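Chemist: Pasting in a structure now, in structure tokens, and then I'll have a few things to ask.
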Amino acid sequence: MLALTRKAGERIVIGDNIVVTVVNIKGDSIRVTIDAPKEIKVYRGEIYDAIAAENKQAAVAKDLSELNKLKNIGIKK
């Protein structure tokens, strides 16, 4: 992890194509802009965590009895 101190108007460059700029600092809040290519997804941390939790929950089979019904289906060649 890298920790940096920046003032309003200063930038952080990530790789060749991502720029994070500190726009405003007010009390405990910092406003930043993120300039990144469209193919790079940028999420707030809490949104990313919610998506990851939802994906994990969706990957867990809840009712295996439905899956067991598939065993009885024969594949005809």
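In the structure tokens, each chain is lettered A, B, ... as it comes, each chain's residues begin at 1, and ligands are numbered from 1 in order of appearance.
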From a DSSP calculation on the backbone, collect every residue of segment 2-70 of chain A in helix (DSSP H, G or I) and output the set as a count of residues only.

Modeler: 21

Chemist: Quick one: residues within 12 Å of Arg6 of chain A, only C-alpha atoms counted, chain neighbours fewer than 2 positions away excluded, as a list of chain:residue names?

Modeler: A:Ala3, A:Leu4, A:Ala8, A:Gly9, A:Glu10, A:Arg11, A:Ile12, A:Val20, A:Thr21, A:Val22, A:Val23, A:Asn24, A:Ile25, A:Ile30, A:Arg31, A:Val32

Chemist: Using DSSP on the backbone coordinates, identify the residues of chain A assigned to strand (DSSP E or B); present them as an NGL selection string.

Modeler: :A and (11-14 or 18-26 or 29-35)

Chemist: Could you tell me which of A:Ile18, A:Asn72, A:Ala52, A:Gly27 comes closest to Glu39 of chain A if we count only C-alpha atoms?

Modeler: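 Closest candidate: A:Ile18.
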
Chemist: By how many Å are atom CA of Val60 of chain A and atom CA of Tyr48 of chain A apart?

Modeler: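 It comes out at 19.0 Å.
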
Chemist: Rounded to one decimal place, report the atom CA of Asp35 of chain A-atom CA of Ile14 of chain A distance in Å.

Modeler: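 Between atom CA of Asp35 of chain A and atom CA of Ile14 of chain A the gap works out to 10.1 Å.
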